[in-house]
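For reference, data_22.pdb (PDB, N, CA and C atoms, pLDDT in the B column):
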ATOM      1  N   MET A   1      13.665-208.978  13.777  1.00 80.00           N
ATOM      2  CA  MET A   1      12.977-208.266  12.727  1.00 80.00           C
ATOM      3  C   MET A   1      12.497-206.923  13.285  1.00 80.00           C
ATOM      4  N   LYS A   2      12.660-205.869  12.506  1.00 90.00           N
ATOM      5  CA  LYS A   2      12.176-204.543  12.894  1.00 90.00           C
ATOM      6  C   LYS A   2      10.879-204.236  12.170  1.00 90.00           C
ATOM      7  N   THR A   3       9.958-203.630  12.891  1.00 95.00           N
ATOM      8  CA  THR A   3       8.683-203.196  12.343  1.00 95.00           C
ATOM      9  C   THR A   3       8.554-201.700  12.572  1.00 95.00           C
ATOM     10  N   LEU A   4       8.061-200.986  11.570  1.00 96.00           N
ATOM     11  CA  LEU A   4       7.797-199.559  11.715  1.00 96.00           C
ATOM     12  C   LEU A   4       6.354-199.414  12.185  1.00 96.00           C
ATOM     13  N   ASP A   5       6.169-198.867  13.377  1.00 97.00           N
ATOM     14  CA  ASP A   5       4.853-198.708  13.993  1.00 97.00           C
ATOM     15  C   ASP A   5       4.450-197.241  13.910  1.00 97.00           C
ATOM     16  N   LEU A   6       3.435-196.953  13.098  1.00 97.00           N
ATOM     17  CA  LEU A   6       2.937-195.587  12.919  1.00 97.00           C
ATOM     18  C   LEU A   6       1.653-195.430  13.724  1.00 97.00           C
ATOM     19  N   SER A   7       1.595-194.405  14.565  1.00 98.00           N
ATOM     20  CA  SER A   7       0.412-194.134  15.386  1.00 98.00           C
ATOM     21  C   SER A   7      -0.336-192.927  14.834  1.00 98.00           C
ATOM     22  N   PHE A   8      -1.631-193.088  14.694  1.00 97.00           N
ATOM     23  CA  PHE A   8      -2.489-192.019  14.193  1.00 97.00           C
ATOM     24  C   PHE A   8      -3.671-191.823  15.135  1.00 97.00           C
ATOM     25  N   LYS A   9      -4.169-190.606  15.191  1.00 97.00           N
ATOM     26  CA  LYS A   9      -5.428-190.330  15.883  1.00 97.00           C
ATOM     27  C   LYS A   9      -6.532-190.521  14.848  1.00 97.00           C
ATOM     28  N   THR A  10      -7.595-191.229  15.241  1.00 95.00           N
ATOM     29  CA  THR A  10      -8.717-191.438  14.333  1.00 95.00           C
ATOM     30  C   THR A  10      -9.647-190.231  14.382  1.00 95.00           C
ATOM     31  N   SER A  11     -10.636-190.235  13.505  1.00 94.00           N
ATOM     32  CA  SER A  11     -11.591-189.131  13.489  1.00 94.00           C
ATOM     33  C   SER A  11     -12.487-189.126  14.726  1.00 94.00           C
ATOM     34  N   THR A  12     -12.459-190.217  15.518  1.00 95.00           N
ATOM     35  CA  THR A  12     -13.221-190.268  16.763  1.00 95.00           C
ATOM     36  C   THR A  12     -12.300-190.198  17.984  1.00 95.00           C
ATOM     37  N   ASN A  13     -11.111-189.644  17.786  1.00 96.00           N
ATOM     38  CA  ASN A  13     -10.121-189.409  18.848  1.00 96.00           C
ATOM     39  C   ASN A  13      -9.615-190.669  19.542  1.00 96.00           C
ATOM     40  N   LYS A  14      -9.563-191.775  18.826  1.00 95.00           N
ATOM     41  CA  LYS A  14      -8.932-192.995  19.326  1.00 95.00           C
ATOM     42  C   LYS A  14      -7.536-193.070  18.706  1.00 95.00           C
ATOM     43  N   VAL A  15      -6.730-194.006  19.167  1.00 97.00           N
ATOM     44  CA  VAL A  15      -5.400-194.201  18.587  1.00 97.00           C
ATOM     45  C   VAL A  15      -5.417-195.469  17.747  1.00 97.00           C
ATOM     46  N   HIS A  16      -4.925-195.357  16.518  1.00 95.00           N
ATOM     47  CA  HIS A  16      -4.843-196.491  15.594  1.00 95.00           C
ATOM     48  C   HIS A  16      -3.390-196.670  15.179  1.00 95.00           C
ATOM     49  N   HIS A  17      -2.914-197.917  15.161  1.00 96.00           N
ATOM     50  CA  HIS A  17      -1.540-198.217  14.770  1.00 96.00           C
ATOM     51  C   HIS A  17      -1.527-198.878  13.400  1.00 96.00           C
ATOM     52  N   LEU A  18      -0.613-198.443  12.566  1.00 95.00           N
ATOM     53  CA  LEU A  18      -0.366-199.051  11.266  1.00 95.00           C
ATOM     54  C   LEU A  18       1.048-199.602  11.332  1.00 95.00           C
ATOM     55  N   LYS A  19       1.194-200.923  11.227  1.00 96.00           N
ATOM     56  CA  LYS A  19       2.501-201.558  11.379  1.00 96.00           C
ATOM     57  C   LYS A  19       3.002-202.067  10.036  1.00 96.00           C
ATOM     58  N   LEU A  20       4.190-201.619   9.673  1.00 95.00           N
ATOM     59  CA  LEU A  20       4.816-201.996   8.405  1.00 95.00           C
ATOM     60  C   LEU A  20       5.991-202.919   8.699  1.00 95.00           C
ATOM     61  N   HIS A  21       5.901-204.158   8.218  1.00 94.00           N
ATOM     62  CA  HIS A  21       6.903-205.164   8.551  1.00 94.00           C
ATOM     63  C   HIS A  21       8.159-205.114   7.685  1.00 94.00           C
ATOM     64  N   TYR A  22       8.087-204.581   6.492  1.00 91.00           N
ATOM     65  CA  TYR A  22       9.243-204.581   5.602  1.00 91.00           C
ATOM     66  C   TYR A  22       9.680-203.170   5.246  1.00 91.00           C
ATOM     67  N   ALA A  23       9.644-202.277   6.197  1.00 91.00           N
ATOM     68  CA  ALA A  23      10.030-200.882   5.964  1.00 91.00           C
ATOM     69  C   ALA A  23      11.542-200.723   6.102  1.00 91.00           C
ATOM     70  N   ASN A  24      12.067-199.754   5.415  1.00 93.00           N
ATOM     71  CA  ASN A  24      13.478-199.391   5.546  1.00 93.00           C
ATOM     72  C   ASN A  24      13.718-198.984   6.995  1.00 93.00           C
ATOM     73  N   ASP A  25      14.794-199.480   7.610  1.00 89.00           N
ATOM     74  CA  ASP A  25      15.045-199.146   9.019  1.00 89.00           C
ATOM     75  C   ASP A  25      16.025-197.987   9.195  1.00 89.00           C
ATOM     76  N   ASN A  26      16.208-197.189   8.142  1.00 92.00           N
ATOM     77  CA  ASN A  26      17.073-196.012   8.209  1.00 92.00           C
ATOM     78  C   ASN A  26      16.331-194.737   7.808  1.00 92.00           C
ATOM     79  N   LEU A  27      15.048-194.694   7.960  1.00 95.00           N
ATOM     80  CA  LEU A  27      14.270-193.528   7.545  1.00 95.00           C
ATOM     81  C   LEU A  27      14.454-192.374   8.524  1.00 95.00           C
ATOM     82  N   SER A  28      14.568-191.169   7.989  1.00 96.00           N
ATOM     83  CA  SER A  28      14.734-189.987   8.839  1.00 96.00           C
ATOM     84  C   SER A  28      13.380-189.537   9.388  1.00 96.00           C
ATOM     85  N   LYS A  29      13.445-188.712  10.415  1.00 97.00           N
ATOM     86  CA  LYS A  29      12.239-188.161  11.031  1.00 97.00           C
ATOM     87  C   LYS A  29      11.424-187.384   9.995  1.00 97.00           C
ATOM     88  N   GLU A  30      12.101-186.628   9.157  1.00 97.00           N
ATOM     89  CA  GLU A  30      11.422-185.811   8.146  1.00 97.00           C
ATOM     90  C   GLU A  30      10.694-186.677   7.120  1.00 97.00           C
ATOM     91  N   VAL A  31      11.338-187.747   6.677  1.00 97.00           N
ATOM     92  CA  VAL A  31      10.733-188.634   5.676  1.00 97.00           C
ATOM     93  C   VAL A  31       9.496-189.325   6.250  1.00 97.00           C
ATOM     94  N   VAL A  32       9.601-189.849   7.466  1.00 97.00           N
ATOM     95  CA  VAL A  32       8.473-190.540   8.093  1.00 97.00           C
ATOM     96  C   VAL A  32       7.334-189.560   8.370  1.00 97.00           C
ATOM     97  N   SER A  33       7.670-188.374   8.857  1.00 97.00           N
ATOM     98  CA  SER A  33       6.658-187.356   9.143  1.00 97.00           C
ATOM     99  C   SER A  33       5.891-186.973   7.876  1.00 97.00           C
ATOM    100  N   GLN A  34       6.606-186.769   6.780  1.00 97.00           N
ATOM    101  CA  GLN A  34       5.959-186.405   5.515  1.00 97.00           C
ATOM    102  C   GLN A  34       5.104-187.554   4.991  1.00 97.00           C
ATOM    103  N   ALA A  35       5.608-188.784   5.092  1.00 96.00           N
ATOM    104  CA  ALA A  35       4.850-189.951   4.628  1.00 96.00           C
ATOM    105  C   ALA A  35       3.564-190.118   5.432  1.00 96.00           C
ATOM    106  N   MET A  36       3.639-189.896   6.743  1.00 97.00           N
ATOM    107  CA  MET A  36       2.444-190.007   7.581  1.00 97.00           C
ATOM    108  C   MET A  36       1.430-188.918   7.229  1.00 97.00           C
ATOM    109  N   ALA A  37       1.902-187.712   6.988  1.00 97.00           N
ATOM    110  CA  ALA A  37       1.005-186.617   6.602  1.00 97.00           C
ATOM    111  C   ALA A  37       0.344-186.914   5.259  1.00 97.00           C
ATOM    112  N   ASP A  38       1.128-187.441   4.312  1.00 97.00           N
ATOM    113  CA  ASP A  38       0.580-187.795   3.003  1.00 97.00           C
ATOM    114  C   ASP A  38      -0.456-188.909   3.128  1.00 97.00           C
ATOM    115  N   LEU A  39      -0.169-189.891   3.969  1.00 95.00           N
ATOM    116  CA  LEU A  39      -1.090-191.006   4.181  1.00 95.00           C
ATOM    117  C   LEU A  39      -2.398-190.517   4.800  1.00 95.00           C
ATOM    118  N   ALA A  40      -2.311-189.633   5.767  1.00 95.00           N
ATOM    119  CA  ALA A  40      -3.514-189.081   6.402  1.00 95.00           C
ATOM    120  C   ALA A  40      -4.347-188.282   5.403  1.00 95.00           C
ATOM    121  N   ALA A  41      -3.677-187.589   4.500  1.00 94.00           N
ATOM    122  CA  ALA A  41      -4.382-186.761   3.518  1.00 94.00           C
ATOM    123  C   ALA A  41      -5.158-187.587   2.492  1.00 94.00           C
ATOM    124  N   THR A  42      -4.775-188.843   2.286  1.00 93.00           N
ATOM    125  CA  THR A  42      -5.453-189.672   1.288  1.00 93.00           C
ATOM    126  C   THR A  42      -6.845-190.119   1.726  1.00 93.00           C
ATOM    127  N   ARG A  43      -7.076-190.216   3.040  1.00 88.00           N
ATOM    128  CA  ARG A  43      -8.348-190.678   3.592  1.00 88.00           C
ATOM    129  C   ARG A  43      -8.724-192.072   3.070  1.00 88.00           C
ATOM    130  N   LEU A  44      -7.724-192.924   2.851  1.00 91.00           N
ATOM    131  CA  LEU A  44      -7.959-194.267   2.323  1.00 91.00           C
ATOM    132  C   LEU A  44      -8.395-195.280   3.377  1.00 91.00           C
ATOM    133  N   PHE A  45      -8.016-195.060   4.622  1.00 90.00           N
ATOM    134  CA  PHE A  45      -8.285-196.039   5.667  1.00 90.00           C
ATOM    135  C   PHE A  45      -9.500-195.620   6.489  1.00 90.00           C
ATOM    136  N   ALA A  46     -10.626-196.243   6.203  1.00 90.00           N
ATOM    137  CA  ALA A  46     -11.861-195.915   6.913  1.00 90.00           C
ATOM    138  C   ALA A  46     -12.599-197.204   7.245  1.00 90.00           C
ATOM    139  N   LYS A  47     -13.305-197.173   8.368  1.00 90.00           N
ATOM    140  CA  LYS A  47     -14.111-198.317   8.779  1.00 90.00           C
ATOM    141  C   LYS A  47     -15.353-197.791   9.485  1.00 90.00           C
ATOM    142  N   ASP A  48     -16.493-198.178   8.999  1.00 91.00           N
ATOM    143  CA  ASP A  48     -17.782-197.743   9.565  1.00 91.00           C
ATOM    144  C   ASP A  48     -17.865-196.221   9.687  1.00 91.00           C
ATOM    145  N   GLY A  49     -17.384-195.511   8.678  1.00 89.00           N
ATOM    146  CA  GLY A  49     -17.447-194.063   8.655  1.00 89.00           C
ATOM    147  C   GLY A  49     -16.368-193.364   9.467  1.00 89.00           C
ATOM    148  N   GLU A  50     -15.492-194.129  10.100  1.00 92.00           N
ATOM    149  CA  GLU A  50     -14.423-193.550  10.926  1.00 92.00           C
ATOM    150  C   GLU A  50     -13.118-193.533  10.130  1.00 92.00           C
ATOM    151  N   ASN A  51     -12.495-192.359  10.027  1.00 94.00           N
ATOM    152  CA  ASN A  51     -11.190-192.240   9.376  1.00 94.00           C
ATOM    153  C   ASN A  51     -10.138-192.738  10.363  1.00 94.00           C
ATOM    154  N   LEU A  52      -9.469-193.848  10.046  1.00 95.00           N
ATOM    155  CA  LEU A  52      -8.532-194.476  10.970  1.00 95.00           C
ATOM    156  C   LEU A  52      -7.179-193.775  11.056  1.00 95.00           C
ATOM    157  N   VAL A  53      -6.828-193.001  10.049  1.00 95.00           N
ATOM    158  CA  VAL A  53      -5.542-192.286  10.063  1.00 95.00           C
ATOM    159  C   VAL A  53      -5.760-190.796   9.819  1.00 95.00           C
ATOM    160  N   ALA A  54      -6.556-190.187  10.667  1.00 95.00           N
ATOM    161  CA  ALA A  54      -6.923-188.789  10.492  1.00 95.00           C
ATOM    162  C   ALA A  54      -5.776-187.830  10.798  1.00 95.00           C
ATOM    163  N   GLU A  55      -4.978-188.130  11.829  1.00 96.00           N
ATOM    164  CA  GLU A  55      -3.917-187.208  12.256  1.00 96.00           C
ATOM    165  C   GLU A  55      -2.696-187.994  12.754  1.00 96.00           C
ATOM    166  N   PRO A  56      -1.517-187.744  12.172  1.00 97.00           N
ATOM    167  CA  PRO A  56      -0.310-188.438  12.628  1.00 97.00           C
ATOM    168  C   PRO A  56       0.027-188.077  14.077  1.00 97.00           C
ATOM    169  N   LEU A  57       0.409-189.079  14.865  1.00 97.00           N
ATOM    170  CA  LEU A  57       0.793-188.850  16.255  1.00 97.00           C
ATOM    171  C   LEU A  57       2.262-189.160  16.511  1.00 97.00           C
ATOM    172  N   ALA A  58       2.694-190.392  16.181  1.00 98.00           N
ATOM    173  CA  ALA A  58       4.051-190.822  16.516  1.00 98.00           C
ATOM    174  C   ALA A  58       4.471-191.960  15.596  1.00 98.00           C
ATOM    175  N   ALA A  59       5.769-192.221  15.595  1.00 98.00           N
ATOM    176  CA  ALA A  59       6.314-193.348  14.832  1.00 98.00           C
ATOM    177  C   ALA A  59       7.496-193.915  15.592  1.00 98.00           C
ATOM    178  N   LYS A  60       7.641-195.237  15.507  1.00 97.00           N
ATOM    179  CA  LYS A  60       8.776-195.871  16.174  1.00 97.00           C
ATOM    180  C   LYS A  60       9.098-197.196  15.487  1.00 97.00           C
ATOM    181  N   TYR A  61      10.350-197.609  15.641  1.00 96.00           N
ATOM    182  CA  TYR A  61      10.747-198.942  15.200  1.00 96.00           C
ATOM    183  C   TYR A  61      10.600-199.876  16.388  1.00 96.00           C
ATOM    184  N   VAL A  62      10.031-201.047  16.151  1.00 95.00           N
ATOM    185  CA  VAL A  62       9.885-202.063  17.185  1.00 95.00           C
ATOM    186  C   VAL A  62      10.673-203.279  16.708  1.00 95.00           C
ATOM    187  N   GLU A  63      11.615-203.707  17.528  1.00 94.00           N
ATOM    188  CA  GLU A  63      12.437-204.855  17.165  1.00 94.00           C
ATOM    189  C   GLU A  63      11.987-206.077  17.963  1.00 94.00           C
ATOM    190  N   THR A  64      11.725-207.161  17.242  1.00 91.00           N
ATOM    191  CA  THR A  64      11.293-208.403  17.864  1.00 91.00           C
ATOM    192  C   THR A  64      12.435-209.407  17.814  1.00 91.00           C
ATOM    193  N   ILE A  65      12.732-209.986  18.944  1.00 91.00           N
ATOM    194  CA  ILE A  65      13.773-211.003  19.022  1.00 91.00           C
ATOM    195  C   ILE A  65      13.114-212.330  19.379  1.00 91.00           C
ATOM    196  N   GLU A  66      13.329-213.332  18.534  1.00 89.00           N
ATOM    197  CA  GLU A  66      12.756-214.650  18.777  1.00 89.00           C
ATOM    198  C   GLU A  66      13.780-215.529  19.478  1.00 89.00           C
ATOM    199  N   THR A  67      13.335-216.252  20.492  1.00 92.00           N
ATOM    200  CA  THR A  67      14.178-217.199  21.200  1.00 92.00           C
ATOM    201  C   THR A  67      13.494-218.561  21.159  1.00 92.00           C
ATOM    202  N   PRO A  68      13.941-219.450  20.270  1.00 92.00           N
ATOM    203  CA  PRO A  68      13.300-220.768  20.159  1.00 92.00           C
ATOM    204  C   PRO A  68      13.463-221.590  21.426  1.00 92.00           C
ATOM    205  N   ILE A  69      12.415-222.300  21.798  1.00 95.00           N
ATOM    206  CA  ILE A  69      12.476-223.218  22.932  1.00 95.00           C
ATOM    207  C   ILE A  69      12.539-224.652  22.390  1.00 95.00           C
ATOM    208  N   ILE A  70      11.632-224.968  21.475  1.00 94.00           N
ATOM    209  CA  ILE A  70      11.627-226.262  20.808  1.00 94.00           C
ATOM    210  C   ILE A  70      11.547-225.988  19.324  1.00 94.00           C
ATOM    211  N   THR A  71      12.393-226.637  18.557  1.00 91.00           N
ATOM    212  CA  THR A  71      12.363-226.442  17.115  1.00 91.00           C
ATOM    213  C   THR A  71      11.873-227.699  16.414  1.00 91.00           C
ATOM    214  N   ALA A  72      11.208-227.529  15.316  1.00 91.00           N
ATOM    215  CA  ALA A  72      10.688-228.652  14.549  1.00 91.00           C
ATOM    216  C   ALA A  72      11.839-229.370  13.842  1.00 91.00           C
ATOM    217  N   PRO A  73      11.777-230.687  13.756  1.00 89.00           N
ATOM    218  CA  PRO A  73      12.822-231.421  13.067  1.00 89.00           C
ATOM    219  C   PRO A  73      12.789-231.123  11.570  1.00 89.00           C
ATOM    220  N   LYS A  74      13.951-231.123  10.959  1.00 86.00           N
ATOM    221  CA  LYS A  74      14.023-230.854   9.520  1.00 86.00           C
ATOM    222  C   LYS A  74      13.611-232.096   8.739  1.00 86.00           C
ATOM    223  N   ALA A  75      12.819-231.873   7.708  1.00 77.00           N
ATOM    224  CA  ALA A  75      12.306-232.982   6.898  1.00 77.00           C
ATOM    225  C   ALA A  75      13.335-233.480   5.920  1.00 77.00           C
TER     226      ALA A  75
END
This structure in structure tokens:
Amino acid sequence: MKTLDLSFKTSTNKVHHLKLHYANDNLSKEVVSQAMADLAATRLFAKDGENLVAEPLAAKYVETIETPIITAPKA
């Protein structure tokens, strides 16, 4: 499974990650950059007065590969 990991600088200069599990995995740099800028402009993500997505930093796809060791029996 691929996850789109968006990194933002918060209003207190920390790094916050927003992970999207069902994102299109063919998005261009321009589309992701514009979406991140639009998301930052909304100021929707805040906690205790801190804007969590104040400034876009980076974006990447993260692919997770599962390797079962023991599987549950089918009912």
Would you compute the distance between atom C of Ala37 of chain A and atom CA of Phe8 of chain A? Give it in Å to one decimal.
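Between atom C of Ala37 of chain A and atom CA of Phe8 of chain A the gap is 10.7 Å.
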Residue among A:Ala59, A:Leu18, A:Leu52, A:Met1 lying closest to Ser33 of chain A, counting all atoms listed in the file:
A:Ala59
Name the residues, using the chain letters and numbers of the file, that sit within 12 Å of (1.6, -199.3, 12.5) when counting only C-alpha atoms, and give them as number ranges by chain.
A: 2-9, 15-23, 32, 36, 52-53, 56-62
Restricted to N, CA and C atoms, what would the selected residues look like written as a PDB file, keeping the file's coordinate frame?
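File written: again-v6.pdb
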ATOM      1  N   LYS A   2      12.660-205.869  12.506  1.00 90.00           N
ATOM      2  CA  LYS A   2      12.176-204.543  12.894  1.00 90.00           C
ATOM      3  C   LYS A   2      10.879-204.236  12.170  1.00 90.00           C
ATOM      4  N   THR A   3       9.958-203.630  12.891  1.00 95.00           N
ATOM      5  CA  THR A   3       8.683-203.196  12.343  1.00 95.00           C
ATOM      6  C   THR A   3       8.554-201.700  12.572  1.00 95.00           C
ATOM      7  N   LEU A   4       8.061-200.986  11.570  1.00 96.00           N
ATOM      8  CA  LEU A   4       7.797-199.559  11.715  1.00 96.00           C
ATOM      9  C   LEU A   4       6.354-199.414  12.185  1.00 96.00           C
ATOM     10  N   ASP A   5       6.169-198.867  13.377  1.00 97.00           N
ATOM     11  CA  ASP A   5       4.853-198.708  13.993  1.00 97.00           C
ATOM     12  C   ASP A   5       4.450-197.241  13.910  1.00 97.00           C
ATOM     13  N   LEU A   6       3.435-196.953  13.098  1.00 97.00           N
ATOM     14  CA  LEU A   6       2.937-195.587  12.919  1.00 97.00           C
ATOM     15  C   LEU A   6       1.653-195.430  13.724  1.00 97.00           C
ATOM     16  N   SER A   7       1.595-194.405  14.565  1.00 98.00           N
ATOM     17  CA  SER A   7       0.412-194.134  15.386  1.00 98.00           C
ATOM     18  C   SER A   7      -0.336-192.927  14.834  1.00 98.00           C
ATOM     19  N   PHE A   8      -1.631-193.088  14.694  1.00 97.00           N
ATOM     20  CA  PHE A   8      -2.489-192.019  14.193  1.00 97.00           C
ATOM     21  C   PHE A   8      -3.671-191.823  15.135  1.00 97.00           C
ATOM     22  N   LYS A   9      -4.169-190.606  15.191  1.00 97.00           N
ATOM     23  CA  LYS A   9      -5.428-190.330  15.883  1.00 97.00           C
ATOM     24  C   LYS A   9      -6.532-190.521  14.848  1.00 97.00           C
ATOM     25  N   VAL A  15      -6.730-194.006  19.167  1.00 97.00           N
ATOM     26  CA  VAL A  15      -5.400-194.201  18.587  1.00 97.00           C
ATOM     27  C   VAL A  15      -5.417-195.469  17.747  1.00 97.00           C
ATOM     28  N   HIS A  16      -4.925-195.357  16.518  1.00 95.00           N
ATOM     29  CA  HIS A  16      -4.843-196.491  15.594  1.00 95.00           C
ATOM     30  C   HIS A  16      -3.390-196.670  15.179  1.00 95.00           C
ATOM     31  N   HIS A  17      -2.914-197.917  15.161  1.00 96.00           N
ATOM     32  CA  HIS A  17      -1.540-198.217  14.770  1.00 96.00           C
ATOM     33  C   HIS A  17      -1.527-198.878  13.400  1.00 96.00           C
ATOM     34  N   LEU A  18      -0.613-198.443  12.566  1.00 95.00           N
ATOM     35  CA  LEU A  18      -0.366-199.051  11.266  1.00 95.00           C
ATOM     36  C   LEU A  18       1.048-199.602  11.332  1.00 95.00           C
ATOM     37  N   LYS A  19       1.194-200.923  11.227  1.00 96.00           N
ATOM     38  CA  LYS A  19       2.501-201.558  11.379  1.00 96.00           C
ATOM     39  C   LYS A  19       3.002-202.067  10.036  1.00 96.00           C
ATOM     40  N   LEU A  20       4.190-201.619   9.673  1.00 95.00           N
ATOM     41  CA  LEU A  20       4.816-201.996   8.405  1.00 95.00           C
ATOM     42  C   LEU A  20       5.991-202.919   8.699  1.00 95.00           C
ATOM     43  N   HIS A  21       5.901-204.158   8.218  1.00 94.00           N
ATOM     44  CA  HIS A  21       6.903-205.164   8.551  1.00 94.00           C
ATOM     45  C   HIS A  21       8.159-205.114   7.685  1.00 94.00           C
ATOM     46  N   TYR A  22       8.087-204.581   6.492  1.00 91.00           N
ATOM     47  CA  TYR A  22       9.243-204.581   5.602  1.00 91.00           C
ATOM     48  C   TYR A  22       9.680-203.170   5.246  1.00 91.00           C
ATOM     49  N   ALA A  23       9.644-202.277   6.197  1.00 91.00           N
ATOM     50  CA  ALA A  23      10.030-200.882   5.964  1.00 91.00           C
ATOM     51  C   ALA A  23      11.542-200.723   6.102  1.00 91.00           C
ATOM     52  N   VAL A  32       9.601-189.849   7.466  1.00 97.00           N
ATOM     53  CA  VAL A  32       8.473-190.540   8.093  1.00 97.00           C
ATOM     54  C   VAL A  32       7.334-189.560   8.370  1.00 97.00           C
ATOM     55  N   MET A  36       3.639-189.896   6.743  1.00 97.00           N
ATOM     56  CA  MET A  36       2.444-190.007   7.581  1.00 97.00           C
ATOM     57  C   MET A  36       1.430-188.918   7.229  1.00 97.00           C
ATOM     58  N   LEU A  52      -9.469-193.848  10.046  1.00 95.00           N
ATOM     59  CA  LEU A  52      -8.532-194.476  10.970  1.00 95.00           C
ATOM     60  C   LEU A  52      -7.179-193.775  11.056  1.00 95.00           C
ATOM     61  N   VAL A  53      -6.828-193.001  10.049  1.00 95.00           N
ATOM     62  CA  VAL A  53      -5.542-192.286  10.063  1.00 95.00           C
ATOM     63  C   VAL A  53      -5.760-190.796   9.819  1.00 95.00           C
ATOM     64  N   PRO A  56      -1.517-187.744  12.172  1.00 97.00           N
ATOM     65  CA  PRO A  56      -0.310-188.438  12.628  1.00 97.00           C
ATOM     66  C   PRO A  56       0.027-188.077  14.077  1.00 97.00           C
ATOM     67  N   LEU A  57       0.409-189.079  14.865  1.00 97.00           N
ATOM     68  CA  LEU A  57       0.793-188.850  16.255  1.00 97.00           C
ATOM     69  C   LEU A  57       2.262-189.160  16.511  1.00 97.00           C
ATOM     70  N   ALA A  58       2.694-190.392  16.181  1.00 98.00           N
ATOM     71  CA  ALA A  58       4.051-190.822  16.516  1.00 98.00           C
ATOM     72  C   ALA A  58       4.471-191.960  15.596  1.00 98.00           C
ATOM     73  N   ALA A  59       5.769-192.221  15.595  1.00 98.00           N
ATOM     74  CA  ALA A  59       6.314-193.348  14.832  1.00 98.00           C
ATOM     75  C   ALA A  59       7.496-193.915  15.592  1.00 98.00           C
ATOM     76  N   LYS A  60       7.641-195.237  15.507  1.00 97.00           N
ATOM     77  CA  LYS A  60       8.776-195.871  16.174  1.00 97.00           C
ATOM     78  C   LYS A  60       9.098-197.196  15.487  1.00 97.00           C
ATOM     79  N   TYR A  61      10.350-197.609  15.641  1.00 96.00           N
ATOM     80  CA  TYR A  61      10.747-198.942  15.200  1.00 96.00           C
ATOM     81  C   TYR A  61      10.600-199.876  16.388  1.00 96.00           C
ATOM     82  N   VAL A  62      10.031-201.047  16.151  1.00 95.00           N
ATOM     83  CA  VAL A  62       9.885-202.063  17.185  1.00 95.00           C
ATOM     84  C   VAL A  62      10.673-203.279  16.708  1.00 95.00           C
TER      85      VAL A  62
END
Among segment 23-69 of chain A, which ones does DSSP place in strand (DSSP E), written as an MDAnalysis selection string?
chainID A and resid 46:47 50:51 55:63
As an exercise, work out the distance from atom CA of Ile65 of chain A to atom CA of Val31 of chain A in Å and give it to one decimal place.
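Here the two named atoms are 26.2 Å from each other.
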I need the residues of chain A that end up classed as alpha helix (DSSP H) by DSSP on the backbone, written out as a VMD selection string.
chain A and resid 29 to 42
Atom C of Leu39 of chain A to atom N of Lys14 of chain A, distance in Å rounded to a single decimal
15.8 Å
I need the residue nearest Asn13 of chain A from this list: A:Ala54, A:Glu63, A:Pro68, A:Ala75. Use only C-alpha atoms for the distance.
A:Ala54
